[in-house]
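Shown next: run24.txt, containing compact mmCIF, C-alpha atoms.
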```txt
# COMPACT_ATOMS: atom_id res chain seq x y z
CA MET A 204 0.00 0.00 0.00
CA THR A 205 1.34 3.38 -0.89
CA ALA A 206 1.08 6.36 1.34
CA ASP A 207 -0.40 8.82 -1.11
CA VAL A 208 -1.90 10.96 1.59
CA THR A 209 -1.28 14.56 2.35
CA VAL A 210 0.24 14.84 5.77
CA SER A 211 0.37 18.03 7.70
CA ALA A 212 3.13 16.90 10.05
CA PRO A 213 6.82 17.09 9.15
CA ALA A 214 7.98 14.57 6.59
CA ILE A 215 8.65 11.14 8.01
CA THR A 216 12.13 10.13 7.03
CA GLU A 217 13.14 6.66 5.92
CA PRO A 218 9.99 4.84 7.02
CA SER A 219 11.30 1.59 5.59
CA ARG A 220 14.04 1.56 8.24
CA LEU A 221 11.69 1.78 11.20
CA LEU A 222 12.50 -1.15 13.49
CA LEU A 223 10.02 -2.11 16.18
CA PRO A 224 9.73 -4.91 18.74
CA VAL A 225 6.95 -7.47 18.47
CA TYR A 226 5.17 -8.73 21.59
CA GLU A 227 4.09 -12.27 22.37
CA ARG A 228 0.42 -13.00 21.74
CA PRO A 229 -1.09 -14.94 24.65
CA GLY A 230 -2.53 -18.35 23.89
CA PRO A 231 -6.30 -18.76 24.21
CA ALA A 232 -6.07 -20.49 27.61
CA VAL A 233 -4.29 -17.74 29.54
CA HIS A 234 -6.79 -14.90 29.66
CA PRO A 235 -10.46 -15.47 30.46
CA PRO A 236 -12.91 -15.53 27.55
CA LEU A 237 -14.96 -12.35 27.33
CA ASP A 238 -18.12 -14.48 27.24
CA PHE A 239 -18.23 -16.57 30.43
CA ALA A 240 -21.70 -17.75 31.48
CA GLY A 241 -20.68 -18.31 35.10
CA TYR A 242 -20.07 -14.56 35.48
CA ARG A 243 -23.44 -13.13 34.61
CA SER A 244 -22.34 -9.58 33.92
CA THR A 245 -20.41 -10.75 30.85
CA GLY A 246 -23.73 -11.54 29.15
CA LEU A 247 -24.53 -8.14 27.68
CA ARG A 248 -20.99 -6.78 27.77
CA HIS A 249 -18.93 -9.16 25.65
CA PRO A 250 -18.35 -8.46 21.95
CA LYS A 251 -19.89 -11.16 19.76
CA ARG A 252 -18.04 -10.43 16.52
CA PRO A 253 -14.58 -11.85 15.96
CA LEU A 254 -11.70 -9.64 17.06
CA VAL A 255 -9.60 -8.17 14.25
CA LEU A 256 -5.85 -8.82 14.39
CA LEU A 257 -3.93 -5.64 15.26
CA PRO A 258 -0.26 -5.68 14.24
CA HIS A 259 2.16 -4.24 16.76
CA ARG A 260 3.16 -0.86 15.41
CA LEU A 261 4.28 2.39 17.01
CA THR A 262 1.16 3.04 19.07
CA GLU A 263 1.14 -0.52 20.41
CA VAL A 264 4.84 -0.94 21.26
CA THR A 265 4.95 2.33 23.17
CA GLY A 266 2.96 3.25 26.26
CA PRO A 267 2.68 5.75 29.05
CA LEU A 268 5.76 5.81 31.28
CA LEU A 269 3.96 7.18 34.30
CA GLY A 270 6.44 8.04 36.90
CA SER A 271 7.32 8.93 40.38
CA ASP A 272 5.69 12.36 40.13
CA LEU A 273 2.44 10.52 40.88
CA ILE A 274 3.73 8.74 43.97
CA THR A 275 4.35 9.56 47.60
CA PRO A 276 6.02 7.07 49.98
CA SER A 277 2.83 6.43 51.96
CA ASP A 278 1.13 5.34 48.74
CA ALA A 279 2.80 1.93 49.09
CA ASP A 280 1.92 1.53 52.77
CA LEU A 281 -1.85 1.30 53.11
CA THR A 282 -1.57 1.11 56.90
CA MET A 283 -0.03 4.62 57.13
CA GLN A 284 -2.57 6.69 55.24
CA HIS A 285 -4.58 7.83 58.29
CA ASP A 286 -3.96 9.06 61.81
CA GLY A 287 -4.61 5.65 63.35
CA GLU A 288 -3.75 2.11 62.33
CA PRO A 289 -6.34 0.04 60.47
CA LEU A 290 -7.85 -3.10 61.98
CA GLY A 291 -6.96 -6.49 60.58
CA GLN A 292 -4.01 -8.72 59.76
CA ARG A 293 -1.02 -6.67 58.61
CA ILE A 294 0.61 -8.18 55.50
CA ILE A 295 3.51 -7.48 53.15
CA VAL A 296 2.83 -8.17 49.46
CA THR A 297 5.94 -8.12 47.31
CA GLY A 298 7.27 -9.61 44.12
CA ARG A 299 8.63 -8.78 40.73
CA VAL A 300 7.12 -7.49 37.52
CA LEU A 301 8.60 -9.55 34.71
CA ASP A 302 8.33 -9.95 30.95
CA SER A 303 7.40 -13.42 29.79
CA ASP A 304 10.93 -13.68 28.44
CA GLY A 305 12.15 -13.37 32.02
CA ARG A 306 13.37 -9.79 32.03
CA PRO A 307 12.39 -7.51 34.91
CA VAL A 308 10.11 -4.59 34.09
CA PRO A 309 11.61 -1.63 35.97
CA ASP A 310 10.10 1.78 36.72
CA THR A 311 6.53 0.78 36.01
CA LEU A 312 3.46 1.99 37.88
CA LEU A 313 1.42 -0.49 39.94
CA GLU A 314 -1.97 0.55 41.31
CA ILE A 315 -3.93 -1.56 43.82
CA TRP A 316 -7.31 -1.40 45.49
CA GLN A 317 -9.00 -3.75 47.95
CA THR A 318 -11.57 -4.18 50.73
CA ASN A 319 -10.79 -3.63 54.38
CA ALA A 320 -10.44 -6.54 56.80
CA ALA A 321 -14.22 -6.85 57.05
CA GLY A 322 -14.69 -7.22 53.29
CA ARG A 323 -15.98 -3.69 52.70
CA TYR A 324 -14.81 -1.37 49.92
CA ARG A 325 -14.71 2.34 50.55
CA HIS A 326 -16.89 3.17 47.55
CA SER A 327 -20.20 4.99 47.23
CA ARG A 328 -21.91 2.12 45.39
CA GLU A 329 -20.78 -0.53 47.90
CA GLN A 330 -23.83 -2.21 49.50
CA HIS A 331 -22.28 -4.86 51.79
CA PRO A 332 -23.34 -4.18 55.42
CA ALA A 333 -19.88 -4.68 56.89
CA PRO A 334 -18.17 -1.89 58.82
CA LEU A 335 -15.97 0.73 57.24
CA ASP A 336 -12.62 1.28 58.91
CA PRO A 337 -11.91 5.00 59.34
CA ASN A 338 -8.20 4.20 59.20
CA PHE A 339 -8.24 2.26 55.95
CA THR A 340 -8.91 3.52 52.44
CA GLY A 341 -7.67 0.44 50.60
CA ILE A 342 -5.80 2.08 47.74
CA GLY A 343 -2.10 2.07 46.92
CA ARG A 344 0.48 2.86 44.29
CA CYS A 345 4.13 2.17 43.76
CA ILE A 346 6.76 2.07 41.04
CA SER A 347 8.80 -1.08 40.42
CA ASP A 348 12.52 -0.69 41.13
CA ALA A 349 15.42 -1.33 38.75
CA GLY A 350 15.00 -5.07 39.27
CA GLY A 351 11.26 -4.97 38.65
CA ARG A 352 10.51 -5.43 42.35
CA TYR A 353 7.51 -3.88 44.07
CA ARG A 354 6.38 -3.93 47.72
CA PHE A 355 3.14 -3.00 49.44
CA ILE A 356 2.26 -3.07 53.13
CA THR A 357 -1.45 -3.48 53.72
CA ILE A 358 -4.16 -5.35 55.63
CA ALA A 359 -5.44 -8.77 54.54
CA PRO A 360 -8.67 -8.06 52.63
CA GLY A 361 -11.89 -9.86 53.55
CA ALA A 362 -14.26 -11.97 51.47
CA TYR A 363 -17.57 -10.34 50.53
CA PRO A 364 -20.93 -11.38 49.09
CA TRP A 365 -22.02 -10.39 45.59
CA GLY A 366 -25.15 -10.87 43.56
CA ASN A 367 -23.90 -13.18 40.83
CA HIS A 368 -25.74 -16.25 42.14
CA HIS A 369 -27.26 -17.55 45.37
CA ASN A 370 -24.80 -17.32 48.28
CA ALA A 371 -22.02 -16.00 46.05
CA TRP A 372 -18.89 -14.78 47.85
CA ARG A 373 -15.76 -13.35 46.29
CA PRO A 374 -12.58 -14.85 47.72
CA ALA A 375 -10.32 -12.28 49.37
CA HIS A 376 -8.30 -10.51 46.68
CA ILE A 377 -6.29 -7.41 45.85
CA HIS A 378 -6.90 -5.69 42.49
CA PHE A 379 -3.71 -4.85 40.58
CA SER A 380 -3.34 -2.50 37.61
CA LEU A 381 -0.05 -2.44 35.66
CA PHE A 382 1.21 -0.55 32.65
CA GLY A 383 4.48 -2.25 31.75
CA ARG A 384 6.42 -0.40 29.09
CA ALA A 385 4.02 -0.74 26.16
CA PHE A 386 0.32 -0.56 25.35
CA THR A 387 0.51 -4.30 24.63
CA GLN A 388 1.60 -4.97 28.23
CA ARG A 389 -1.27 -3.22 30.02
CA LEU A 390 -2.80 -5.59 32.59
CA VAL A 391 -5.55 -5.35 35.19
CA THR A 392 -5.87 -8.44 37.35
CA GLN A 393 -6.51 -9.73 40.88
CA MET A 394 -4.20 -11.42 43.37
CA TYR A 395 -5.65 -14.15 45.59
CA PHE A 396 -4.45 -15.85 48.78
CA PRO A 397 -3.35 -19.47 49.14
CA GLY A 398 -5.66 -21.99 50.76
CA ASP A 399 -8.85 -19.96 50.31
CA PRO A 400 -11.83 -22.37 50.09
CA LEU A 401 -13.81 -19.78 48.11
CA LEU A 402 -11.45 -20.00 45.13
CA ALA A 403 -12.99 -23.26 43.92
CA LEU A 404 -16.43 -21.61 43.91
CA ASP A 405 -15.56 -18.26 42.33
CA PRO A 406 -16.55 -17.82 38.66
CA ILE A 407 -14.19 -14.89 38.13
CA PHE A 408 -11.12 -16.83 39.31
CA ASN A 409 -12.30 -19.92 37.44
CA SER A 410 -12.89 -18.00 34.21
CA VAL A 411 -9.19 -18.50 33.49
CA PRO A 412 -9.24 -21.62 31.33
CA ASP A 413 -5.80 -23.03 32.09
CA GLU A 414 -5.25 -24.51 35.55
CA ALA A 415 -1.60 -23.52 35.68
CA ALA A 416 -2.43 -19.97 34.61
CA ARG A 417 -5.13 -19.77 37.27
CA GLN A 418 -2.64 -20.83 39.93
CA ARG A 419 -0.44 -17.91 38.89
CA LEU A 420 -3.09 -15.58 40.34
CA ILE A 421 -2.45 -16.96 43.84
CA ALA A 422 0.27 -15.41 45.98
CA ARG A 423 2.67 -17.61 47.93
CA PHE A 424 2.99 -17.31 51.69
CA ASP A 425 6.65 -16.97 52.59
CA ILE A 426 7.88 -17.25 56.16
CA ASN A 427 11.14 -15.61 55.07
CA LEU A 428 9.29 -12.50 53.96
CA THR A 429 7.26 -12.55 57.15
CA GLN A 430 8.55 -10.07 59.72
CA PRO A 431 8.63 -11.32 63.32
CA GLU A 432 6.17 -9.63 65.67
CA TRP A 433 4.86 -7.50 62.79
CA ALA A 434 3.45 -8.79 59.47
CA LEU A 435 2.84 -11.90 57.33
CA GLY A 436 4.71 -12.00 54.02
CA TYR A 437 3.33 -12.95 50.61
CA GLU A 438 5.20 -13.11 47.34
CA TRP A 439 3.49 -12.63 44.00
CA ASP A 440 5.28 -12.19 40.69
CA ILE A 441 3.40 -10.61 37.80
CA VAL A 442 4.35 -11.66 34.29
CA LEU A 443 3.54 -9.34 31.38
CA ARG A 444 3.77 -10.11 27.68
CA GLY A 445 7.39 -10.15 26.54
CA ARG A 446 8.98 -9.51 23.19
CA ILE A 447 9.22 -12.48 20.90
CA ALA A 448 11.88 -10.97 18.65
CA THR A 449 13.25 -7.74 17.40
CA VAL A 450 14.72 -7.04 14.05
CA PHE A 451 17.89 -6.05 15.85
CA GLU A 452 18.24 -9.47 17.42
CA GLU A 453 17.21 -11.54 14.41
CA PRO A 454 18.09 -9.63 11.28
CA HIS A 455 16.37 -10.77 8.09
CA LEU A 456 19.26 -10.99 5.70
CA MET B 183 14.37 -20.29 44.10
CA SER B 184 10.91 -18.88 44.08
CA GLU B 185 11.97 -16.52 41.32
CA ARG B 186 11.66 -19.28 38.76
CA ARG B 187 8.12 -20.09 39.71
CA ASN B 188 6.26 -17.81 37.31
CA MET B 189 8.87 -17.38 34.66
CA SER B 190 7.22 -19.40 31.95
CA GLY B 191 3.72 -18.05 32.04
CA LEU B 192 1.78 -14.86 31.72
CA THR B 193 -0.36 -13.57 34.55
CA PRO B 194 -4.00 -13.80 33.46
CA SER B 195 -6.33 -10.81 33.30
CA GLN B 196 -9.22 -10.42 35.76
CA THR B 197 -12.09 -7.96 35.66
CA VAL B 198 -11.55 -4.44 36.97
CA GLY B 199 -14.80 -5.00 38.90
CA PRO B 200 -17.25 -2.36 40.09
CA TYR B 201 -15.00 -0.53 42.53
CA PHE B 202 -11.98 0.57 40.50
CA ALA B 203 -13.15 4.15 40.88
CA MET B 204 -11.66 4.02 44.39
CA ARG B 205 -8.23 4.07 42.86
CA LEU B 206 -7.86 4.47 39.17
CA PRO B 207 -9.37 7.82 38.19
CA TRP B 208 -7.16 10.87 38.61
CA PRO B 209 -8.49 14.42 38.77
CA ASP B 210 -6.59 15.30 35.61
CA GLY B 211 -6.94 11.83 34.08
CA PRO B 212 -9.00 12.97 31.09
CA TYR B 213 -6.36 15.56 30.17
CA VAL B 214 -3.93 14.16 27.62
CA VAL B 215 -2.85 17.77 27.29
CA PRO B 216 -3.27 20.56 29.84
CA GLU B 217 -6.43 22.62 29.68
CA GLY B 218 -5.97 25.58 27.37
CA THR B 219 -3.48 23.85 25.05
CA PRO B 220 -3.76 25.31 21.52
CA ASP B 221 -5.77 23.08 19.15
CA ALA B 222 -7.02 20.94 22.03
CA PHE B 223 -10.49 19.46 21.68
CA THR B 224 -12.71 17.12 23.68
CA ILE B 225 -13.69 13.58 22.76
CA VAL B 226 -17.04 12.65 24.30
CA GLY B 227 -18.92 9.39 24.20
CA ARG B 228 -20.71 6.63 26.00
CA VAL B 229 -20.10 2.92 26.34
CA TYR B 230 -23.18 0.78 25.60
CA ASP B 231 -24.03 -2.83 26.37
CA GLY B 232 -25.97 -5.26 24.20
CA ALA B 233 -29.31 -3.99 25.53
CA GLY B 234 -28.45 -0.43 24.52
CA ASN B 235 -27.87 0.74 28.08
CA ALA B 236 -24.94 3.04 28.77
CA LEU B 237 -22.47 1.66 31.32
CA PRO B 238 -22.11 3.81 34.46
CA ASP B 239 -19.12 1.75 35.64
CA ALA B 240 -16.69 1.55 32.74
CA MET B 241 -13.27 3.13 32.34
CA ILE B 242 -11.74 4.40 29.10
CA GLU B 243 -8.01 4.74 28.53
CA THR B 244 -6.46 6.32 25.46
CA TRP B 245 -2.90 6.30 24.13
CA GLN B 246 -1.64 8.29 21.18
CA ALA B 247 1.29 9.91 19.42
CA ASP B 248 2.00 13.62 19.61
CA GLN B 249 1.10 16.11 16.89
CA ASP B 250 4.11 15.00 14.85
CA GLY B 251 3.22 11.31 15.10
CA ARG B 252 6.04 10.59 17.55
CA PHE B 253 6.36 9.11 21.03
CA ALA B 254 8.65 10.11 23.90
CA HIS B 255 9.43 6.44 24.43
CA PRO B 256 12.59 4.33 23.99
CA ASP B 257 10.91 2.06 21.45
CA ASP B 258 10.12 4.89 19.08
CA PRO B 259 13.52 4.99 17.36
CA ARG B 260 12.83 8.55 16.15
CA GLY B 261 12.45 9.72 19.75
CA ALA B 262 10.30 12.52 21.04
CA SER B 263 9.28 15.33 18.81
CA PRO B 264 11.89 18.09 18.71
CA ALA B 265 8.99 20.51 19.01
CA GLY B 266 8.65 19.28 22.62
CA TYR B 267 4.94 19.75 23.20
CA ALA B 268 4.68 21.05 26.76
CA GLY B 269 2.54 18.96 29.05
CA PHE B 270 1.70 16.38 26.40
CA ARG B 271 1.12 13.08 28.22
CA GLY B 272 -0.18 10.89 25.40
CA PHE B 273 -2.32 9.03 27.92
CA GLY B 274 -5.89 9.71 28.99
CA ARG B 275 -8.09 7.96 31.51
CA CYS B 276 -11.73 8.63 32.32
CA GLU B 277 -14.35 6.62 34.16
CA THR B 278 -17.89 6.80 32.83
CA ALA B 279 -20.35 8.92 34.81
CA ALA B 280 -23.79 7.85 36.05
CA ASP B 281 -25.18 8.67 32.60
CA GLY B 282 -22.49 6.51 30.97
CA SER B 283 -20.53 9.42 29.50
CA TYR B 284 -16.79 9.91 29.35
CA ARG B 285 -14.57 12.65 27.96
CA ILE B 286 -10.94 12.99 26.95
CA VAL B 287 -9.22 16.31 26.26
CA THR B 288 -6.46 15.96 23.71
CA VAL B 289 -4.84 17.11 20.49
CA LYS B 290 -4.83 15.32 17.16
CA PRO B 291 -1.87 13.00 16.72
CA GLY B 292 0.16 13.05 13.52
CA PRO B 293 0.26 10.21 11.01
CA LEU B 294 2.59 7.32 11.83
CA PRO B 295 5.07 5.32 9.76
CA THR B 296 5.03 1.53 9.91
CA PRO B 297 7.92 -0.91 9.51
CA ASP B 298 6.38 -1.96 6.18
CA GLY B 299 6.59 1.54 4.77
CA ASP B 300 2.88 2.28 5.09
CA ILE B 301 1.47 5.32 6.80
CA GLU B 302 -1.10 4.92 9.56
CA ALA B 303 -3.74 7.62 9.73
CA PRO B 304 -3.94 9.67 12.94
CA HIS B 305 -5.55 7.52 15.61
CA LEU B 306 -5.86 6.81 19.33
CA ASP B 307 -5.60 3.32 20.79
CA VAL B 308 -8.51 2.89 23.21
CA SER B 309 -8.93 0.36 26.05
CA VAL B 310 -12.26 -0.28 27.75
CA PHE B 311 -12.40 -1.78 31.25
CA ALA B 312 -15.59 -2.59 33.17
CA ARG B 313 -17.35 -4.90 35.53
CA GLY B 314 -18.38 -7.82 33.31
CA LEU B 315 -15.28 -7.50 31.12
CA LEU B 316 -12.88 -10.23 32.20
CA ASP B 317 -10.20 -8.63 30.05
CA ARG B 318 -9.98 -5.15 28.58
CA VAL B 319 -11.27 -4.71 25.06
CA VAL B 320 -9.18 -2.66 22.64
CA THR B 321 -10.32 -0.48 19.79
CA ARG B 322 -9.05 2.54 17.84
CA MET B 323 -10.49 5.95 17.25
CA TYR B 324 -9.84 7.62 13.87
CA PHE B 325 -10.70 11.16 12.77
CA PRO B 326 -13.61 12.12 10.51
CA ASP B 327 -11.65 14.85 8.69
CA GLU B 328 -8.93 12.46 7.51
CA MET B 329 -10.80 10.65 4.77
CA ALA B 330 -7.81 10.21 2.47
CA ALA B 331 -5.49 9.08 5.25
CA ASN B 332 -8.15 6.76 6.65
CA ALA B 333 -8.67 5.21 3.21
CA ALA B 334 -4.96 4.34 3.10
CA ASP B 335 -4.65 3.18 6.72
CA PRO B 336 -3.53 -0.45 6.85
CA VAL B 337 -5.55 -1.26 9.98
CA LEU B 338 -8.79 0.30 8.73
CA CYS B 339 -8.26 -1.46 5.41
CA SER B 340 -8.07 -4.79 7.26
CA VAL B 341 -11.54 -4.24 8.74
CA ASP B 342 -14.76 -5.25 6.98
CA ARG B 343 -15.85 -2.14 5.08
CA ALA B 344 -19.33 -2.24 6.60
CA ARG B 345 -17.90 -1.96 10.11
CA ARG B 346 -15.12 0.59 9.55
CA GLY B 347 -17.40 3.44 10.51
CA THR B 348 -17.50 2.19 14.11
CA LEU B 349 -13.85 3.27 14.40
CA ILE B 350 -14.30 6.82 13.13
CA ALA B 351 -15.37 9.57 15.49
CA ILE B 352 -18.25 11.89 14.58
CA ALA B 353 -17.75 15.66 14.47
CA GLU B 354 -20.26 17.50 16.62
CA PRO B 355 -21.36 21.08 16.04
CA GLU B 356 -19.76 22.46 19.20
CA GLY B 357 -16.32 21.23 18.13
CA HIS B 358 -16.34 17.99 20.10
CA LEU B 359 -15.70 14.61 18.58
CA ARG B 360 -18.16 11.89 19.57
CA PHE B 361 -16.83 8.34 19.93
CA ASP B 362 -19.45 5.97 21.29
CA ILE B 363 -18.42 2.40 21.98
CA TRP B 364 -20.92 -0.44 21.56
CA LEU B 365 -19.74 -3.59 23.31
CA GLN B 366 -22.40 -5.74 21.66
CA GLY B 367 -25.37 -5.58 19.29
CA ASP B 368 -26.12 -4.35 15.78
CA ARG B 369 -23.76 -1.41 16.13
CA GLU B 370 -20.99 -3.39 17.84
CA THR B 371 -17.67 -1.54 17.68
CA VAL B 372 -14.72 -3.26 16.02
CA PHE B 373 -12.44 -4.62 18.71
CA PHE B 374 -8.91 -5.82 18.11
CA ASP B 375 -6.89 -8.87 19.01
CA LEU B 376 -3.85 -7.12 20.36
```
Mind converting the file's structure to C-alpha cells?
Amino acid sequence: MTADVTVSAPAITEPSRLLLPVYERPGPAVHPPLDFAGYRSTGLRHPKRPLVLLPHRLTEVTGPLLGSDLITPSDADLTMQHDGEPLGQRIIVTGRVLDSDGRPVPDTLLEIWQTNAAGRYRHSREQHPAPLDPNFTGIGRCISDAGGRYRFITIAPGAYPWGNHHNAWRPAHIHFSLFGRAFTQRLVTQMYFPGDPLLALDPIFNSVPDEAARQRLIARFDINLTQPEWALGYEWDIVLRGRIATVFEEPHL
Amino acid sequence: MSERRNMSGLTPSQTVGPYFAMRLPWPDGPYVVPEGTPDAFTIVGRVYDGAGNALPDAMIETWQADQDGRFAHPDDPRGASPAGYAGFRGFGRCETAADGSYRIVTVKPGPLPTPDGDIEAPHLDVSVFARGLLDRVVTRMYFPDEMAANAADPVLCSVDRARRGTLIAIAEPEGHLRFDIWLQGDRETVFFDL
C-alpha cells in the first residue's frame, strides 16, 4: 500500500528503516474468555463479533511511562494513610514485575485497590453491610525498582458477598493494575491468597481456562518475607507479555 | 528459588470489577494535554451494552502519538518530537459517569510510519475496562476529517468495510468529537486482538 496521503506533520524520514519490537500473543487459555456464562455480567458486555488482528506498530509498542511524580512514599503503605492504624491482619505483598521472556520490568506503575479486613470497599456504590474502617482507604500505588521489584504493606482483605448467584462470595483478593512499558503490556488483574476455600467456587477466578495460569493468580505465603512480631509476608510475581523478537536481534538478511 | 516459579507463564487478566473508581481515576486523568493547550479538543462518548444501556461503571483509557506522530518512548527509534509539546502526556483515563458518558481532552496525533513503509492515519488506541469484562477490550479511534489518510490506513483497510465506521469519530457542532463504543449488538464496535 502506498502512502499517497497529504500529511500536515513534518515529513517522516526513511519509514522503511523503522524497526520495532513485536510482543508475544497470549494463547487462548491464559486470559479469560470475554463471554463466560458463570459470570453473569459478561452476558450483555462481551463483543460477539470476531476480534480483528492488530499488528504491533508504534502506538502498540509504546505506552505511558507514568512516573514517580504521581507517587508519595505512603502510597505503598496502606496502613499509614490515616492518623490511626487500620484493623486487621497486617501483611507485606511483594514480588517482581517480569516480561514473559524473564526480564524484569523496571520503573513501572502499579496501582492496587482492595476491601478492608471486614470485606468492605470504601466506595459509594458498595452495599455490603460490613463496617468501614476510618483508618483504611484500601488504595495504593508504587513504582517497580530497577529489578522490577515492588512492595506494598497493607491489611489482609476480607471476602464479601455479591449478587452473581445464590450465596455467592468473592474470595479475598487485591486488584492490581499495571502498565508495563508498552500498550501491549497493560494488565488489570486480581491477586488471591493461598488456601482460600472460596477459590474453587468463584466464577471470576475460574474464568481463566488453564489450571496452571489460574494458579499464577495466587500469591505464595513466605515465612522468610514474614517479619517477626509484625506482618505476614506474601510473594506474588506478575508476568507481562514479553517480546518475541526484534529485528535487531534476528536480522532478516 | 521462588523466582523461577512464574517465569514461563503470563499472569491472566481479571475484571476491573465495580469498585476501580476508588483508585484508578485521577483528577486530571482525562487531560492528555493541559487545559488551554492550543488546538485541544474534547472527545465525548458513552459505552453501551448489548441492551443499549450506557455503562455507568466503565473506564476508558487512550494512548496516542503527539502532533508530529512521535512518542517520547525508547521504542520509538525517532524519539520525542523536537517541538517538545509542553505537558503532552499521550495518555488519557476517564471513568464513565452515572449517565455513561466519558470525555478525553487531547490534540490530534500526527500520522505514523510503519515498519512496512505504510502510513497509519492519525488515531488513538482505546482500552475499555468494566465490571463484566474479564479482560480489557481494545479499539481505535480515527478522525472524521482524515478521509484520504483513513482510506490508506492499513488497519482500517483490514476491517470489513461495513464496520469501519464504528472506528471513526463523529464531528459534533460544538467542536467535540463523539466516539461511542458499543460492546455488543447491531452497532458493535470493532475490537482488536492485540
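The space between CA of Thr357 (chain A) and CA of Phe273 (chain B) spans 28.7 Å.
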>> Applying 6 Å and only C-alpha atoms, which residues near region 360-370 of chain A remain after dropping the ones on its own chain fewer than 5 positions away? List them as a VMD selection string.
In response: chain A and resid 318 to 322 375
Let's have the selection written as a CSV table (one decimal), keeping the file's coordinate frame, with C-alpha atoms.
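Heads up, here's the output in selection.csv:
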```csv
chain,number,residue,atom,x,y,z
A,318,THR,CA,-11.6,-4.2,50.7
A,319,ASN,CA,-10.8,-3.6,54.4
A,320,ALA,CA,-10.4,-6.5,56.8
A,321,ALA,CA,-14.2,-6.8,57.0
A,322,GLY,CA,-14.7,-7.2,53.3
A,375,ALA,CA,-10.3,-12.3,49.4
```
What are the closest atom pairs, with distances in Å to one decimal, for all residues of chain B lying within 6 Å of chain A? Consider all atoms listed in the file, order rows by chain and residue number, and present the result as a Markdown table.
```
| residue | atom | partner | partner_atom | distance |
| --- | --- | --- | --- | --- |
| B:Met189 | CA | A:Gly305 | CA | 5.8 |
| B:Leu192 | CA | A:Val442 | CA | 4.8 |
| B:Thr193 | CA | A:Val442 | CA | 5.1 |
| B:Pro194 | CA | A:His234 | CA | 4.8 |
| B:Ser195 | CA | A:Thr392 | CA | 4.7 |
| B:Gln196 | CA | A:Thr392 | CA | 4.2 |
| B:Arg205 | CA | A:Ile342 | CA | 5.8 |
| B:Asp231 | CA | A:Arg248 | CA | 5.2 |
| B:Gly232 | CA | A:Leu247 | CA | 4.7 |
| B:Asp250 | CA | A:Ala212 | CA | 5.3 |
| B:Gly292 | CA | A:Ala212 | CA | 6.0 |
| B:Pro295 | CA | A:Pro218 | CA | 5.7 |
| B:Pro297 | CA | A:Leu221 | CA | 4.9 |
| B:Gly299 | CA | A:Ser219 | CA | 4.8 |
| B:Asp300 | CA | A:Ala206 | CA | 5.8 |
| B:Ile301 | CA | A:Ala206 | CA | 5.6 |
| B:Gly314 | CA | A:Thr245 | CA | 4.3 |
| B:Leu316 | CA | A:Leu237 | CA | 5.7 |
| B:Ala331 | CA | A:Val208 | CA | 5.5 |
| B:Leu365 | CA | A:Pro250 | CA | 5.2 |
| B:Gln366 | CA | A:Pro250 | CA | 4.9 |
| B:Phe373 | CA | A:Leu254 | CA | 5.3 |
| B:Phe374 | CA | A:Val255 | CA | 4.6 |
| B:Asp375 | CA | A:Leu256 | CA | 4.7 |
| B:Leu376 | CA | A:Leu257 | CA | 5.3 |
```
Neighbouring residues of Thr275 (chain A) were defined as those with any atom within 12 Å, considering all atoms listed in the file; residues of the same chain fewer than 4 positions away were excluded. Please report them as a short mmCIF file (atom, residue, chain, number, x, y, z; two decimals) with C-alpha atoms, in the coordinates of the input.
```
data_model
loop_
_atom_site.label_atom_id
_atom_site.label_comp_id
_atom_site.auth_asym_id
_atom_site.auth_seq_id
_atom_site.Cartn_x
_atom_site.Cartn_y
_atom_site.Cartn_z
CA GLY A 270 6.44 8.04 36.90
CA SER A 271 7.32 8.93 40.38
CA ALA A 279 2.80 1.93 49.09
CA ASP A 280 1.92 1.53 52.77
CA LEU A 281 -1.85 1.30 53.11
CA MET A 283 -0.03 4.62 57.13
CA GLN A 284 -2.57 6.69 55.24
CA GLY A 343 -2.10 2.07 46.92
CA ARG A 344 0.48 2.86 44.29
CA CYS A 345 4.13 2.17 43.76
CA ILE A 346 6.76 2.07 41.04
#
```
>> Env of Arg369 (chain B): 12 Å cut, atoms = all atoms listed in the file, seq-sep filter 6 positions within chain, self excluded. Answer as a PyMOL selection string.
In response: (chain A and resi 250-252) or (chain B and resi 229-234+344-349+362-363)
>> If I take CA of Gly199 (chain B) and CA of Pro309 (chain A), how far is one from the other in Å, to one decimal?
In response: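 Going from CA of Gly199 (chain B) over to CA of Pro309 (chain A), I get 26.8 Å.
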> Hey, what's within 8 Å of Ser347 (chain A) if we count all atoms listed in the file and toss same-chain stuff fewer than 5 positions away? As a list in words, please?
Replying inline: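 Result of the neighbour search: Arg299, Val300, Val308, Pro309, Asp310, Thr311, Leu312, Leu313, Arg352 and Tyr353 of chain A.
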Keeping only C-alpha atoms, take the residues you just selected and write them out as a CSV table (one decimal), keeping the file's coordinate frame.
```csv
chain,number,residue,atom,x,y,z
A,299,ARG,CA,8.6,-8.8,40.7
A,300,VAL,CA,7.1,-7.5,37.5
A,308,VAL,CA,10.1,-4.6,34.1
A,309,PRO,CA,11.6,-1.6,36.0
A,310,ASP,CA,10.1,1.8,36.7
A,311,THR,CA,6.5,0.8,36.0
A,312,LEU,CA,3.5,2.0,37.9
A,313,LEU,CA,1.4,-0.5,39.9
A,352,ARG,CA,10.5,-5.4,42.4
A,353,TYR,CA,7.5,-3.9,44.1
```
> Contacts of Ala279 (chain B) at 9 Å or less, counting only C-alpha atoms, minus same-chain residues fewer than 2 places along, as a ChimeraX atom specification?
Replying inline: /B:237-240,276-277,281-284
>> Report, in Å with one decimal, the straight-line distance from CA of Ile294 (chain A) to CA of Phe339 (chain A).
In response: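 If I compute the distance from CA of Ile294 (chain A) to CA of Phe339 (chain A), I get 13.7 Å.
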> Between A:Gly350, A:Gly436, A:Gly291, A:Pro397, which is the closest to Pro307 (chain A) once you count all atoms listed in the file?
Replying inline: A:Gly350
> Using only C-alpha atoms, which of A:Ala240, A:Leu290, A:Pro231, A:Gly351 sits nearest Gly383 (chain A)?
Replying inline: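 The shortest atom-to-atom distance to Gly383 (chain A) comes from A:Gly351.
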